[in-house]
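Structure record follows, encoded as structure tokens.
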Amino acid sequence: MQPVNTGLEGVVAAETRLSHVDGLAGELIIGGFPLEELVLNASFEEVTYLLWHDRLPTNRELDTFKAQLKSHRALPDIILNVLQAAAAKQLPTMDALRMGASALSLLVDDINDPEETALTAVAAFPSIVAAYHRYAQGQNPIAPHPDLDHAANYLYMITGQEPEPEQTRALQTYLNTVSDHGLNASTFTARVIISTQSDMISAITGAIGALKGPLHGGAPGPALDMVFEIGKPENAEPVIREMLERGDRLMGFGHRVYKVRDPRADVLKTAAERFFPEGDEFYALVQYVEQVALDLLEEYKPGRRLQTNVEFYTALVLHGIGLPTDLFSPTFAVGRVGGWTAHAREQLAHGRLIRPASNYTGERERKWVAIEQR
Ligand code: ACO
């Protein structure tokens with residue numbers, strides 16, 4: 001029997017030009033740029049263009065790309081009806097996004113055209129999330145604003161108000177920060193699906209399913225809930241200790257690849273800071289909870305090198321922007337769909353069928369027993 005590697009850590013299953021994660025140095029490169037160099041300056045559209053074309057757009061290319069995205073934002077009634085049905089059942093927003101993403105098959109002329117499907121997905125994700133959120137609140141969806149770019153329009157479709165520039169900048173920084181991250185679970189899922197020469201809509205629909213779990217993109221909502229539950233500094237240690245005694249995992253801590261602090265946490269902390277004035281009590285509590293969590297993780301899980309990951313400060317920045325917790329994971333998907341589609345295109349162009357092996361541990365000599373004799 002071959003040695004088993006259940007989590008596939010260390011297994012290299014693709015070559016990519018999209019992003020590189022150095023988990024020991026705590027460094028992330030996206031499209032050739034160090035994380036910090038790119039995400040604080042670029043618009044979401046520039047980062048998506050970079051991932052799809054391996055270079056930044058010129059002014060004219062960026063204008064064209066923005067116009068293409070704008071022309072693919074609107075959702076037809078048939079997809080809105082699906083979202084309304086999901087809202088009637090009060091499904092989690094990630095489930096509604098998965099249903100809406102799958103229904104994008106109805107919007108594209110050719111499901112096997114990777115460019116058209118990728119453009120449709122990236123453009124329509126914010127519309128799906130915002131429309132579903134409004135239905136779930138008992139409100140009608142808001143049509144996209146033709147003058148607003150991707151990030152600002154997302155916030156506009158959620159609230160009906162044009163966002164402040166600092167909200168838009170913080171959201172772009174967030175979306176850029178999570179746009180791509182090596183062969184994470186949801187990106188791997190997308191690559192596995194497309195490696196069978198399936199289509200982009202199937203790949204992103206599967207990727208949403210992988211992202212939704214709490215061990216991947218489902219963590220930021222619970223991370224913020226934990227801070228709210230703690231409420232004040234003196235509760236931090238007893239609450240976290242009790243969680244670790246129970247064997248719970250602390251959301252927003254630990255990572256498969258990073259054994260030092262996730263560099264995305266620092267970038268998002270910087271982006272979040274502008275929403276919390278000097279001496280803000282909630283901001284101070286978040287930082288205190290982080291420190292107590294790190295100390296107690298070292299006490300309960302010595303040597304595991306569990307550090308703050310992207311999700312802890314995702315919670316803070318999205319809360320600062322004003323998004324409710326049920327939109328945290330879907331907003332992650334709004335950012336990551338750029339990476340998923342770029343990886344799917346790369347896999348289609350250069351990849352092979354992804355098909356690992358398993359060790360068989362079952363019986364080998366069973367004899368058939370007729371149903372009357374069982
Ligand atoms: N809280 C408490 N204990 C933890 C945590 C945590 N957040 N993370 C890992 N551990 C413990 C495990 O219980 C395990 O302990 P053991 O050796 O005594 O059994 C040990 O650390 C190693 O954990 P593994 O599960 O083997 O590590 P893995 O690499 O598989 O897990 C993961 C990585 C899933 C991210 C994990 O750290 C976790 O569950 N974190 C909390 C959820 C979270 O924040 N997810 C978002 C990740 S970032 C992202 O995907 C965008």
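Residues are referred to by chain and number: the chain letter is A, B, ... according to the order shown in the structure tokens, the number counts from 1 in that chain, and ligands are numbered separately from 1 in the order shown.
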
Item to complete: Quick one: pick out all alpha helix (DSSP H) residues within stretch 161-325 of chain A from a backbone DSSP run and write them as a VMD selection string.
Response: chain A and resid 165 to 177 185 to 194 200 to 211 220 to 230 233 to 246 263 to 273 281 to 300 310 to 321

Discussion item. Which residues are near ligand 1 - at most 8 Å, using only C-alpha atoms and all ligand atoms? Format: as an MDAnalysis selection string.
Written reply: chainID A and resid 7 178 184:185 211 214:220 223 244 247:257 297 300:301 304 306 309:312

Fill in: Test item: residues at most 8 Å from stretch 101-108 of chain A, only C-alpha atoms, excluding those fewer than 3 positions along its chain, as an NGL selection string
:A and (79 or 97-98 or 111 or 116-117 or 120-121 or 125 or 128 or 201-202 or 204-205)

Worksheet item: Quick one: residues within 7 Å of stretch 12-23 of chain A, only C-alpha atoms counted, chain neighbours fewer than 6 positions away excluded, as number ranges by chain?
Response: A: 29-31, 51, 180-182, 257-260

Practice prompt. Go through A:Phe44, A:Phe282, A:Tyr132, A:Trp52 one by one, measure the shortest atom-to-atom distance of each to A:Thr173 using only C-alpha atoms, and give the residue with the smallest value.
Written response: A:Phe44

Worksheet entry | A:Gln287 surroundings by only C-alpha atoms, 10 Å radius, close-in-sequence under 6 positions cut, as a VMD selection string | chain A and resid 227 233 269 293 313

With N, CA and C atoms retained, could you export that selection as a compact mmCIF listing (two decimals), in the first residue's frame?
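Output file selection-v8.txt is given in full below:
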# COMPACT_ATOMS: atom_id res chain seq x y z
N VAL A 227 -16.41 37.28 19.08
CA VAL A 227 -16.04 38.55 19.73
C VAL A 227 -17.27 39.18 20.39
N PRO A 233 -13.45 42.59 27.78
CA PRO A 233 -12.15 41.93 27.91
C PRO A 233 -12.10 40.84 28.99
N LYS A 269 -6.19 44.26 8.56
CA LYS A 269 -6.20 45.05 9.80
C LYS A 269 -5.99 46.53 9.46
N ALA A 293 -6.56 34.57 22.41
CA ALA A 293 -6.73 33.35 21.60
C ALA A 293 -5.36 32.77 21.23
N TYR A 313 -9.51 39.05 10.59
CA TYR A 313 -9.59 40.47 10.22
C TYR A 313 -10.55 40.73 9.05
